[in-house]
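Participant: Let me begin by handing over the structure; questions about it come next.
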Amino acid sequence: MRLRRITLQHIRNISFASLATDGLRQFVVGRNGQGKSNLLEAIGFLTALRSFRSNDSKLMMAHGQGEAAMGFELDHAKRGPTRVGIRMRAGGKELTVDNEKVTRLAGFIGQFPTVVFSSQDQQLIRGSPSGRRRWMDLTLAAADASYLQALQRYHRALGERNALLKVGASDGEFAAFEHLLAEQGARLIAARRDGLARLGVCLQQAYVRIATQGSPERPGFSYAPNVPAISSSELATRLAEGRVRDVRFRATLTGPHRDDLEFTLDGRPAREVASEGQERSLVLALRLAQAEWFRQHSGTPPIILADDVLGELDAERRAGFWSALPEDWQVIATGTELPKSLGEDWQVIQVEKGQFTAEASTAL
């Protein structure tokens, strides 16, 4: 997939911008706080209508504005020339593809894949389980509409059960929502177990290309479900057994919404044994694995968005990163200064106070 033009209105500090891209390599350069990450945030929104920087997409709207808009002109591997429009308001989002309104999110997610490489990625190793679950759900949902459907149904039922915990209810009322939770929860657990196993293969392949030459370690995932059972009946039993405790805490403390996954090196927790360089290699390999996963399931190469991460890499890992990217994938990178050399023709885009100025492609 290739982004040819992006038009933004009232996206964070970008009051209005219409930017055409030239070729498959763009480097956006500017001081901190000028709008580099805001641009990548908007492009990344294409994958699942979610921001890589915040759980609340309404924060993308410029302060004091009641509406924001994003428009994309794309060359898609399957669809050909395609226009995507996204309009955001306080009450929700409106999505169009080629001027036709999209009402089912499941039919959109993952069809326009992007992968963001960010300095925040190391928090996936050392941060909270919620960040890892968010990454896991986005990655799996973008490849499988049935996973997204199960996830949506599960969280609706979870919200209903939590509401009952606060006001009190009969066993029959609890059982009705626990049946739904158990049914959808078992599907999520099975899909996560299978999906992470297959993603682990992509991770190992990517790590070999990124890591320092001669690194012998093998990366992987260790899935840690809150409830190891995969049958809906077992999960329903655990939910029923936890009612008294859950009423006391006024929250459902059992189920896949409390799952976690751990990154490993040679079977040991990466957060305990990995050096800083190994962590950087691991998160880069993770994003490359996600990109390959998206390509396999969508049938179109994703757009790679590298948000000010290249300067943090040593020369060997930086070279490994570039060599790992297929030449026909579009890459849009950012930084506070231009790299001395990237070895290819790049379009340079200057940004200041939310305004973008594109130059013709040139060798850096």
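Residue numbering restarts at 1 in every chain; chains get A, B, ... in the order shown in the structure tokens, and ligands count up from 1 in that same order.
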Could you list, with a cut-off of 6 Å and counting only C-alpha atoms, the residues of stretch 224-279 of chain A near stretch 177-183 of chain A, each shown with its nearest atom pair and the distance in Å rounded to one decimal, rows sorted by chain and ascending number, as JSON lines?
Facilitator:
{"residue": "A:Ser232", "atom": "CA", "partner": "A:Ala182", "partner_atom": "CA", "distance": 4.7}
{"residue": "A:Leu235", "atom": "CA", "partner": "A:Ala182", "partner_atom": "CA", "distance": 5.3}
{"residue": "A:Ala236", "atom": "CA", "partner": "A:Ala182", "partner_atom": "CA", "distance": 5.1}
Participant: DSSP on the backbone, strand (DSSP E or B) only: what residues of stretch 242-346 of chain A does that give? Format it as a VMD selection string.
Facilitator: chain A and resid 260 to 265 268 to 269 303 to 307 331 to 335 345 to 346
Participant: Do a neighbour search on A:Ser119 at 8 Å with only C-alpha atoms, toss out local chain neighbours closer than 6 positions, and write the hits as a ChimeraX atom specification.
Facilitator: /A:307-309
Participant: Please produce a file of those selected residues containing N, CA and C atoms, as a compact mmCIF listing (two decimals), in the first residue's frame.
Facilitator:
# COMPACT_ATOMS: atom_id res chain seq x y z
N ASP A 307 8.75 6.61 14.10
CA ASP A 307 8.61 7.88 14.82
C ASP A 307 9.83 8.16 15.69
N ASP A 308 10.84 8.82 15.08
CA ASP A 308 12.02 9.28 15.80
C ASP A 308 12.72 8.16 16.56
N VAL A 309 12.86 6.99 15.93
CA VAL A 309 13.49 5.85 16.59
C VAL A 309 14.87 5.54 16.03
Participant: Could you please write out, as a CSV table (one decimal) with C-alpha atoms, in the first residue's frame, every residue of stretch 45-88 of chain A that DSSP assigns to helix (DSSP H, G or I)?
Facilitator:
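Produced file part.csv, reproduced below:
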chain,number,residue,atom,x,y,z
A,45,PHE,CA,-5.2,5.8,12.5
A,46,LEU,CA,-6.0,4.0,9.1
A,47,THR,CA,-5.4,0.5,10.5
A,48,ALA,CA,-8.0,0.4,13.2
A,57,SER,CA,-9.0,9.1,20.0
A,58,LYS,CA,-10.9,12.3,20.8
A,59,LEU,CA,-7.6,13.7,22.1
A,60,MET,CA,-6.5,13.9,18.5
Participant: Excluding A:Ala17 and any residue of its chain fewer than 5 positions from it, enumerate the residues within 12 Å of it, using only C-alpha atoms, and give them as a list in words.
Facilitator: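 Answer for this query is Arg5, Ile6, Thr7, Leu8, Gln9, His10, Ile11, Arg12, Gly35, Asn38, Leu39, Ala42, Ala69, Met70, Gly71, Phe72, Val351, Glu352, Lys353, Gly354, Gln355, Phe356, Thr357 and Ala358 of chain A.
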Participant: I need the residue nearest A:Ser54 from this list: A:Pro269, A:Gly159, A:Gly107, A:Gly131. Use only C-alpha atoms for the distance.
Facilitator: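 When distances to A:Ser54 are compared using only C-alpha atoms, the smallest one comes from A:Gly131.
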Participant: Per residue of stretch 259-323 of chain A within 12 Å of stretch 112-118 of chain A, what are the shortest atom pair and its distance in Å to one decimal, counting only C-alpha atoms, with rows by chain and residue number, as JSON lines?
Facilitator:
{"residue": "A:Arg280", "atom": "CA", "partner": "A:Ser118", "partner_atom": "CA", "distance": 10.7}
{"residue": "A:Ser281", "atom": "CA", "partner": "A:Phe117", "partner_atom": "CA", "distance": 11.8}
{"residue": "A:Leu282", "atom": "CA", "partner": "A:Phe117", "partner_atom": "CA", "distance": 11.9}
{"residue": "A:Val283", "atom": "CA", "partner": "A:Phe117", "partner_atom": "CA", "distance": 8.5}
{"residue": "A:Leu284", "atom": "CA", "partner": "A:Phe117", "partner_atom": "CA", "distance": 7.1}
{"residue": "A:Ala285", "atom": "CA", "partner": "A:Phe117", "partner_atom": "CA", "distance": 10.1}
{"residue": "A:Leu286", "atom": "CA", "partner": "A:Phe117", "partner_atom": "CA", "distance": 9.5}
{"residue": "A:Arg287", "atom": "CA", "partner": "A:Phe117", "partner_atom": "CA", "distance": 6.6}
{"residue": "A:Leu288", "atom": "CA", "partner": "A:Val115", "partner_atom": "CA", "distance": 8.2}
{"residue": "A:Ala289", "atom": "CA", "partner": "A:Val115", "partner_atom": "CA", "distance": 9.9}
{"residue": "A:Gln290", "atom": "CA", "partner": "A:Val115", "partner_atom": "CA", "distance": 7.3}
{"residue": "A:Ala291", "atom": "CA", "partner": "A:Val115", "partner_atom": "CA", "distance": 6.0}
{"residue": "A:Glu292", "atom": "CA", "partner": "A:Val115", "partner_atom": "CA", "distance": 9.8}
{"residue": "A:Trp293", "atom": "CA", "partner": "A:Pro113", "partner_atom": "CA", "distance": 10.0}
{"residue": "A:Phe294", "atom": "CA", "partner": "A:Pro113", "partner_atom": "CA", "distance": 6.4}
{"residue": "A:Arg295", "atom": "CA", "partner": "A:Pro113", "partner_atom": "CA", "distance": 7.8}
{"residue": "A:Gln296", "atom": "CA", "partner": "A:Pro113", "partner_atom": "CA", "distance": 10.8}
{"residue": "A:His297", "atom": "CA", "partner": "A:Pro113", "partner_atom": "CA", "distance": 9.9}
{"residue": "A:Ser298", "atom": "CA", "partner": "A:Pro113", "partner_atom": "CA", "distance": 7.6}
{"residue": "A:Gly299", "atom": "CA", "partner": "A:Pro113", "partner_atom": "CA", "distance": 9.7}
{"residue": "A:Thr300", "atom": "CA", "partner": "A:Pro113", "partner_atom": "CA", "distance": 7.7}
{"residue": "A:Pro301", "atom": "CA", "partner": "A:Pro113", "partner_atom": "CA", "distance": 7.4}
{"residue": "A:Pro302", "atom": "CA", "partner": "A:Pro113", "partner_atom": "CA", "distance": 4.7}
{"residue": "A:Ile303", "atom": "CA", "partner": "A:Thr114", "partner_atom": "CA", "distance": 4.6}
{"residue": "A:Ile304", "atom": "CA", "partner": "A:Val115", "partner_atom": "CA", "distance": 5.2}
{"residue": "A:Leu305", "atom": "CA", "partner": "A:Val116", "partner_atom": "CA", "distance": 4.6}
{"residue": "A:Ala306", "atom": "CA", "partner": "A:Phe117", "partner_atom": "CA", "distance": 4.6}
{"residue": "A:Asp307", "atom": "CA", "partner": "A:Ser118", "partner_atom": "CA", "distance": 5.1}
{"residue": "A:Asp308", "atom": "CA", "partner": "A:Ser118", "partner_atom": "CA", "distance": 6.9}
{"residue": "A:Val309", "atom": "CA", "partner": "A:Ser118", "partner_atom": "CA", "distance": 6.1}
{"residue": "A:Leu310", "atom": "CA", "partner": "A:Phe117", "partner_atom": "CA", "distance": 9.4}
{"residue": "A:Gly311", "atom": "CA", "partner": "A:Ser118", "partner_atom": "CA", "distance": 11.6}
{"residue": "A:Glu312", "atom": "CA", "partner": "A:Ser118", "partner_atom": "CA", "distance": 10.7}
{"residue": "A:Phe321", "atom": "CA", "partner": "A:Phe117", "partner_atom": "CA", "distance": 11.0}
Participant: Restricted to N, CA and C atoms, what would the selected residues look like written as a compact mmCIF listing (two decimals), in the first residue's frame?
Facilitator:
# COMPACT_ATOMS: atom_id res chain seq x y z
N ARG A 280 15.94 -3.17 22.43
CA ARG A 280 15.68 -2.40 21.22
C ARG A 280 15.52 -3.34 20.03
N SER A 281 16.38 -4.34 19.95
CA SER A 281 16.26 -5.31 18.86
C SER A 281 14.94 -6.06 18.95
N LEU A 282 14.53 -6.38 20.16
CA LEU A 282 13.30 -7.16 20.34
C LEU A 282 12.07 -6.38 19.92
N VAL A 283 11.98 -5.10 20.30
CA VAL A 283 10.78 -4.34 19.94
C VAL A 283 10.77 -4.00 18.45
N LEU A 284 11.95 -3.78 17.85
CA LEU A 284 11.99 -3.59 16.41
C LEU A 284 11.54 -4.85 15.69
N ALA A 285 12.03 -6.00 16.16
CA ALA A 285 11.62 -7.27 15.55
C ALA A 285 10.13 -7.51 15.74
N LEU A 286 9.60 -7.09 16.89
CA LEU A 286 8.17 -7.24 17.14
C LEU A 286 7.35 -6.48 16.11
N ARG A 287 7.73 -5.24 15.82
CA ARG A 287 6.99 -4.44 14.85
C ARG A 287 7.16 -5.00 13.44
N LEU A 288 8.35 -5.49 13.11
CA LEU A 288 8.54 -6.11 11.81
C LEU A 288 7.68 -7.37 11.68
N ALA A 289 7.58 -8.13 12.77
CA ALA A 289 6.73 -9.32 12.77
C ALA A 289 5.27 -8.93 12.57
N GLN A 290 4.86 -7.85 13.23
CA GLN A 290 3.49 -7.34 13.07
C GLN A 290 3.25 -6.92 11.62
N ALA A 291 4.23 -6.26 11.02
CA ALA A 291 4.10 -5.82 9.63
C ALA A 291 3.95 -7.01 8.69
N GLU A 292 4.75 -8.04 8.89
CA GLU A 292 4.65 -9.23 8.05
C GLU A 292 3.31 -9.93 8.27
N TRP A 293 2.85 -9.96 9.50
CA TRP A 293 1.54 -10.54 9.85
C TRP A 293 0.43 -9.82 9.09
N PHE A 294 0.48 -8.48 9.11
CA PHE A 294 -0.52 -7.70 8.39
C PHE A 294 -0.46 -7.98 6.89
N ARG A 295 0.76 -8.05 6.35
CA ARG A 295 0.90 -8.30 4.91
C ARG A 295 0.30 -9.65 4.54
N GLN A 296 0.57 -10.67 5.35
CA GLN A 296 0.06 -12.00 5.06
C GLN A 296 -1.47 -12.04 5.06
N HIS A 297 -2.08 -11.32 6.00
CA HIS A 297 -3.53 -11.43 6.16
C HIS A 297 -4.32 -10.42 5.35
N SER A 298 -3.72 -9.29 5.01
CA SER A 298 -4.44 -8.28 4.22
C SER A 298 -4.13 -8.40 2.73
N GLY A 299 -2.99 -9.01 2.42
CA GLY A 299 -2.58 -9.11 1.02
C GLY A 299 -1.99 -7.85 0.46
N THR A 300 -1.69 -6.88 1.34
CA THR A 300 -1.07 -5.63 0.89
C THR A 300 0.04 -5.24 1.84
N PRO A 301 1.17 -4.76 1.34
CA PRO A 301 2.27 -4.35 2.22
C PRO A 301 1.84 -3.17 3.10
N PRO A 302 2.18 -3.20 4.37
CA PRO A 302 1.83 -2.08 5.25
C PRO A 302 2.73 -0.88 5.02
N ILE A 303 2.26 0.29 5.44
CA ILE A 303 3.09 1.49 5.47
C ILE A 303 3.85 1.48 6.79
N ILE A 304 5.16 1.65 6.74
CA ILE A 304 5.98 1.67 7.94
C ILE A 304 6.15 3.11 8.41
N LEU A 305 5.83 3.35 9.67
CA LEU A 305 5.92 4.68 10.27
C LEU A 305 6.94 4.62 11.40
N ALA A 306 8.10 5.24 11.20
CA ALA A 306 9.19 5.20 12.18
C ALA A 306 9.27 6.55 12.88
N ASP A 307 8.75 6.61 14.10
CA ASP A 307 8.61 7.88 14.82
C ASP A 307 9.83 8.16 15.69
N ASP A 308 10.84 8.82 15.08
CA ASP A 308 12.02 9.28 15.80
C ASP A 308 12.72 8.16 16.56
N VAL A 309 12.86 6.99 15.93
CA VAL A 309 13.49 5.85 16.59
C VAL A 309 14.87 5.54 16.03
N LEU A 310 15.18 5.99 14.82
CA LEU A 310 16.43 5.58 14.18
C LEU A 310 17.65 6.14 14.90
N GLY A 311 17.54 7.33 15.46
CA GLY A 311 18.66 7.93 16.16
C GLY A 311 19.05 7.19 17.42
N GLU A 312 18.14 6.36 17.95
CA GLU A 312 18.42 5.63 19.17
C GLU A 312 19.18 4.33 18.92
N PHE A 321 17.85 -2.80 10.50
CA PHE A 321 16.47 -2.35 10.35
C PHE A 321 16.16 -2.07 8.88
Participant: Quick one: everything within 8 Å of A:Pro225, counting only C-alpha atoms, minus sequence neighbours fewer than 6 positions away in the same chain. Send it as a ChimeraX atom specification.
Facilitator: /A:189,256,258-261
Participant: May I have the selected residues written with N, CA and C atoms, as a PDB file, in the first residue's frame?
Facilitator:
ATOM      1  N   ILE A 189      -9.395 -16.562  24.226  1.00  0.00           N
ATOM      2  CA  ILE A 189      -8.248 -17.302  24.772  1.00  0.00           C
ATOM      3  C   ILE A 189      -7.660 -18.230  23.717  1.00  0.00           C
ATOM      4  N   PRO A 256     -10.338 -13.023  30.261  1.00  0.00           N
ATOM      5  CA  PRO A 256      -9.253 -12.615  29.359  1.00  0.00           C
ATOM      6  C   PRO A 256      -8.985 -11.127  29.311  1.00  0.00           C
ATOM      7  N   ARG A 258      -7.996  -9.656  31.683  1.00  0.00           N
ATOM      8  CA  ARG A 258      -6.876  -9.552  32.613  1.00  0.00           C
ATOM      9  C   ARG A 258      -5.689 -10.426  32.174  1.00  0.00           C
ATOM     10  N   ASP A 259      -5.724 -10.857  30.926  1.00  0.00           N
ATOM     11  CA  ASP A 259      -4.623 -11.660  30.380  1.00  0.00           C
ATOM     12  C   ASP A 259      -3.344 -10.828  30.279  1.00  0.00           C
ATOM     13  N   ASP A 260      -2.243 -11.514  30.098  1.00  0.00           N
ATOM     14  CA  ASP A 260      -0.968 -10.857  29.845  1.00  0.00           C
ATOM     15  C   ASP A 260      -0.149 -11.742  28.907  1.00  0.00           C
ATOM     16  N   LEU A 261       0.894 -11.181  28.365  1.00  0.00           N
ATOM     17  CA  LEU A 261       1.877 -11.965  27.612  1.00  0.00           C
ATOM     18  C   LEU A 261       3.244 -11.420  27.965  1.00  0.00           C
TER      19      LEU A 261
END
Participant: What is the atom CA of A:Arg245-atom CA of A:Asp171 distance in Å, reported with one decimal?
Facilitator: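 Computing it gives 14.2 Å between the two atoms.
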Participant: Could you tell me which of A:Thr103, A:Thr264, A:Gln152, A:Ser323 comes closest to A:Arg209 if we count only C-alpha atoms?
Facilitator: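 The shortest atom-to-atom distance to A:Arg209 comes from A:Ser323.
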Participant: Between A:Gly91, A:Pro129, A:Val201, A:Tyr154, which one has atoms that come closest to A:Asn226, using only C-alpha atoms?
Facilitator: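 Comparing A:Gly91, A:Pro129, A:Val201, A:Tyr154 against A:Asn226, the winner is A:Pro129.
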Participant: Report as a PDB file with N, CA and C atoms, in the first residue's frame all protein, DNA and RNA residues lying within 12 Å of A:Arg243, evaluated on only C-alpha atoms, omitting residues in the same chain fewer than 4 positions from it.
Facilitator:
ATOM      1  N   ARG A 161     -22.045  -6.981  33.206  1.00  0.00           N
ATOM      2  CA  ARG A 161     -21.821  -7.694  34.476  1.00  0.00           C
ATOM      3  C   ARG A 161     -21.263  -6.747  35.529  1.00  0.00           C
ATOM      4  N   ASN A 162     -20.330  -5.880  35.135  1.00  0.00           N
ATOM      5  CA  ASN A 162     -19.779  -4.922  36.094  1.00  0.00           C
ATOM      6  C   ASN A 162     -20.850  -3.977  36.621  1.00  0.00           C
ATOM      7  N   LEU A 164     -23.997  -4.776  37.021  1.00  0.00           N
ATOM      8  CA  LEU A 164     -24.771  -5.561  37.993  1.00  0.00           C
ATOM      9  C   LEU A 164     -24.037  -5.667  39.326  1.00  0.00           C
ATOM     10  N   LEU A 165     -22.712  -5.758  39.282  1.00  0.00           N
ATOM     11  CA  LEU A 165     -21.930  -5.861  40.516  1.00  0.00           C
ATOM     12  C   LEU A 165     -22.103  -4.628  41.385  1.00  0.00           C
ATOM     13  N   LYS A 166     -22.376  -3.493  40.779  1.00  0.00           N
ATOM     14  CA  LYS A 166     -22.501  -2.244  41.530  1.00  0.00           C
ATOM     15  C   LYS A 166     -23.890  -2.043  42.129  1.00  0.00           C
ATOM     16  N   GLY A 168     -26.287  -4.788  42.404  1.00  0.00           N
ATOM     17  CA  GLY A 168     -26.862  -6.023  42.928  1.00  0.00           C
ATOM     18  C   GLY A 168     -27.803  -6.657  41.923  1.00  0.00           C
ATOM     19  N   ALA A 169     -27.850  -7.990  41.901  1.00  0.00           N
ATOM     20  CA  ALA A 169     -28.681  -8.706  40.944  1.00  0.00           C
ATOM     21  C   ALA A 169     -28.875 -10.135  41.425  1.00  0.00           C
ATOM     22  N   SER A 170     -29.823 -10.804  40.782  1.00  0.00           N
ATOM     23  CA  SER A 170     -30.089 -12.208  41.128  1.00  0.00           C
ATOM     24  C   SER A 170     -29.055 -13.110  40.463  1.00  0.00           C
ATOM     25  N   ASP A 171     -28.993 -14.357  40.933  1.00  0.00           N
ATOM     26  CA  ASP A 171     -28.079 -15.320  40.329  1.00  0.00           C
ATOM     27  C   ASP A 171     -28.407 -15.524  38.853  1.00  0.00           C
ATOM     28  N   GLU A 173     -29.667 -13.327  36.735  1.00  0.00           N
ATOM     29  CA  GLU A 173     -29.182 -12.193  35.942  1.00  0.00           C
ATOM     30  C   GLU A 173     -27.677 -12.292  35.731  1.00  0.00           C
ATOM     31  N   PHE A 174     -26.970 -12.640  36.803  1.00  0.00           N
ATOM     32  CA  PHE A 174     -25.525 -12.816  36.663  1.00  0.00           C
ATOM     33  C   PHE A 174     -25.213 -13.933  35.672  1.00  0.00           C
ATOM     34  N   ALA A 175     -25.922 -15.033  35.785  1.00  0.00           N
ATOM     35  CA  ALA A 175     -25.629 -16.194  34.938  1.00  0.00           C
ATOM     36  C   ALA A 175     -25.804 -15.876  33.458  1.00  0.00           C
ATOM     37  N   GLU A 178     -22.759 -13.991  32.404  1.00  0.00           N
ATOM     38  CA  GLU A 178     -21.591 -14.867  32.530  1.00  0.00           C
ATOM     39  C   GLU A 178     -21.546 -15.890  31.406  1.00  0.00           C
ATOM     40  N   ALA A 236     -17.155 -20.163  32.677  1.00  0.00           N
ATOM     41  CA  ALA A 236     -18.425 -19.807  33.335  1.00  0.00           C
ATOM     42  C   ALA A 236     -18.400 -20.222  34.804  1.00  0.00           C
ATOM     43  N   THR A 237     -17.840 -21.378  35.087  1.00  0.00           N
ATOM     44  CA  THR A 237     -17.744 -21.850  36.468  1.00  0.00           C
ATOM     45  C   THR A 237     -16.878 -20.916  37.300  1.00  0.00           C
ATOM     46  N   ARG A 238     -15.754 -20.483  36.745  1.00  0.00           N
ATOM     47  CA  ARG A 238     -14.871 -19.584  37.468  1.00  0.00           C
ATOM     48  C   ARG A 238     -15.543 -18.237  37.729  1.00  0.00           C
ATOM     49  N   LEU A 239     -16.309 -17.745  36.769  1.00  0.00           N
ATOM     50  CA  LEU A 239     -17.018 -16.484  36.960  1.00  0.00           C
ATOM     51  C   LEU A 239     -18.057 -16.603  38.074  1.00  0.00           C
ATOM     52  N   VAL A 247     -18.376  -8.769  43.748  1.00  0.00           N
ATOM     53  CA  VAL A 247     -19.306  -7.793  44.314  1.00  0.00           C
ATOM     54  C   VAL A 247     -18.568  -6.899  45.300  1.00  0.00           C
ATOM     55  N   ARG A 248     -17.662  -7.501  46.072  1.00  0.00           N
ATOM     56  CA  ARG A 248     -16.905  -6.723  47.055  1.00  0.00           C
ATOM     57  C   ARG A 248     -16.012  -5.692  46.364  1.00  0.00           C
ATOM     58  N   PHE A 249     -15.385  -6.099  45.264  1.00  0.00           N
ATOM     59  CA  PHE A 249     -14.499  -5.180  44.542  1.00  0.00           C
ATOM     60  C   PHE A 249     -15.228  -4.380  43.464  1.00  0.00           C
ATOM     61  N   ARG A 250     -16.481  -4.746  43.197  1.00  0.00           N
ATOM     62  CA  ARG A 250     -17.316  -4.061  42.206  1.00  0.00           C
ATOM     63  C   ARG A 250     -16.691  -4.090  40.819  1.00  0.00           C
ATOM     64  N   ALA A 251     -16.031  -5.202  40.517  1.00  0.00           N
ATOM     65  CA  ALA A 251     -15.384  -5.374  39.209  1.00  0.00           C
ATOM     66  C   ALA A 251     -15.175  -6.863  38.952  1.00  0.00           C
ATOM     67  N   THR A 252     -15.212  -7.256  37.699  1.00  0.00           N
ATOM     68  CA  THR A 252     -14.981  -8.643  37.309  1.00  0.00           C
ATOM     69  C   THR A 252     -13.480  -8.901  37.278  1.00  0.00           C
ATOM     70  N   LEU A 253     -13.004  -9.777  38.151  1.00  0.00           N
ATOM     71  CA  LEU A 253     -11.574 -10.016  38.303  1.00  0.00           C
ATOM     72  C   LEU A 253     -11.113 -11.298  37.633  1.00  0.00           C
ATOM     73  N   THR A 254     -12.004 -11.931  36.882  1.00  0.00           N
ATOM     74  CA  THR A 254     -11.674 -13.173  36.191  1.00  0.00           C
ATOM     75  C   THR A 254     -11.997 -13.032  34.714  1.00  0.00           C
TER      76      THR A 254
END
Participant: Env of A:Trp322: 9 Å cut, atoms = only C-alpha atoms, seq-sep filter 4 positions within chain, self excluded. Answer as number ranges by chain.
Facilitator: A: 210, 317-318, 326, 342
Participant: One decimal, Å: what's the distance from atom CA of A:Leu313 over to atom CA of A:Gly277, could you say?
Facilitator: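 Taking atom CA of A:Leu313 and atom CA of A:Gly277, their separation equals 8.3 Å.
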Participant: Could you state the separation of atom CA of A:Phe108 and atom CA of A:Thr334 in Å, given to one decimal place?
Facilitator: 27.1 Å
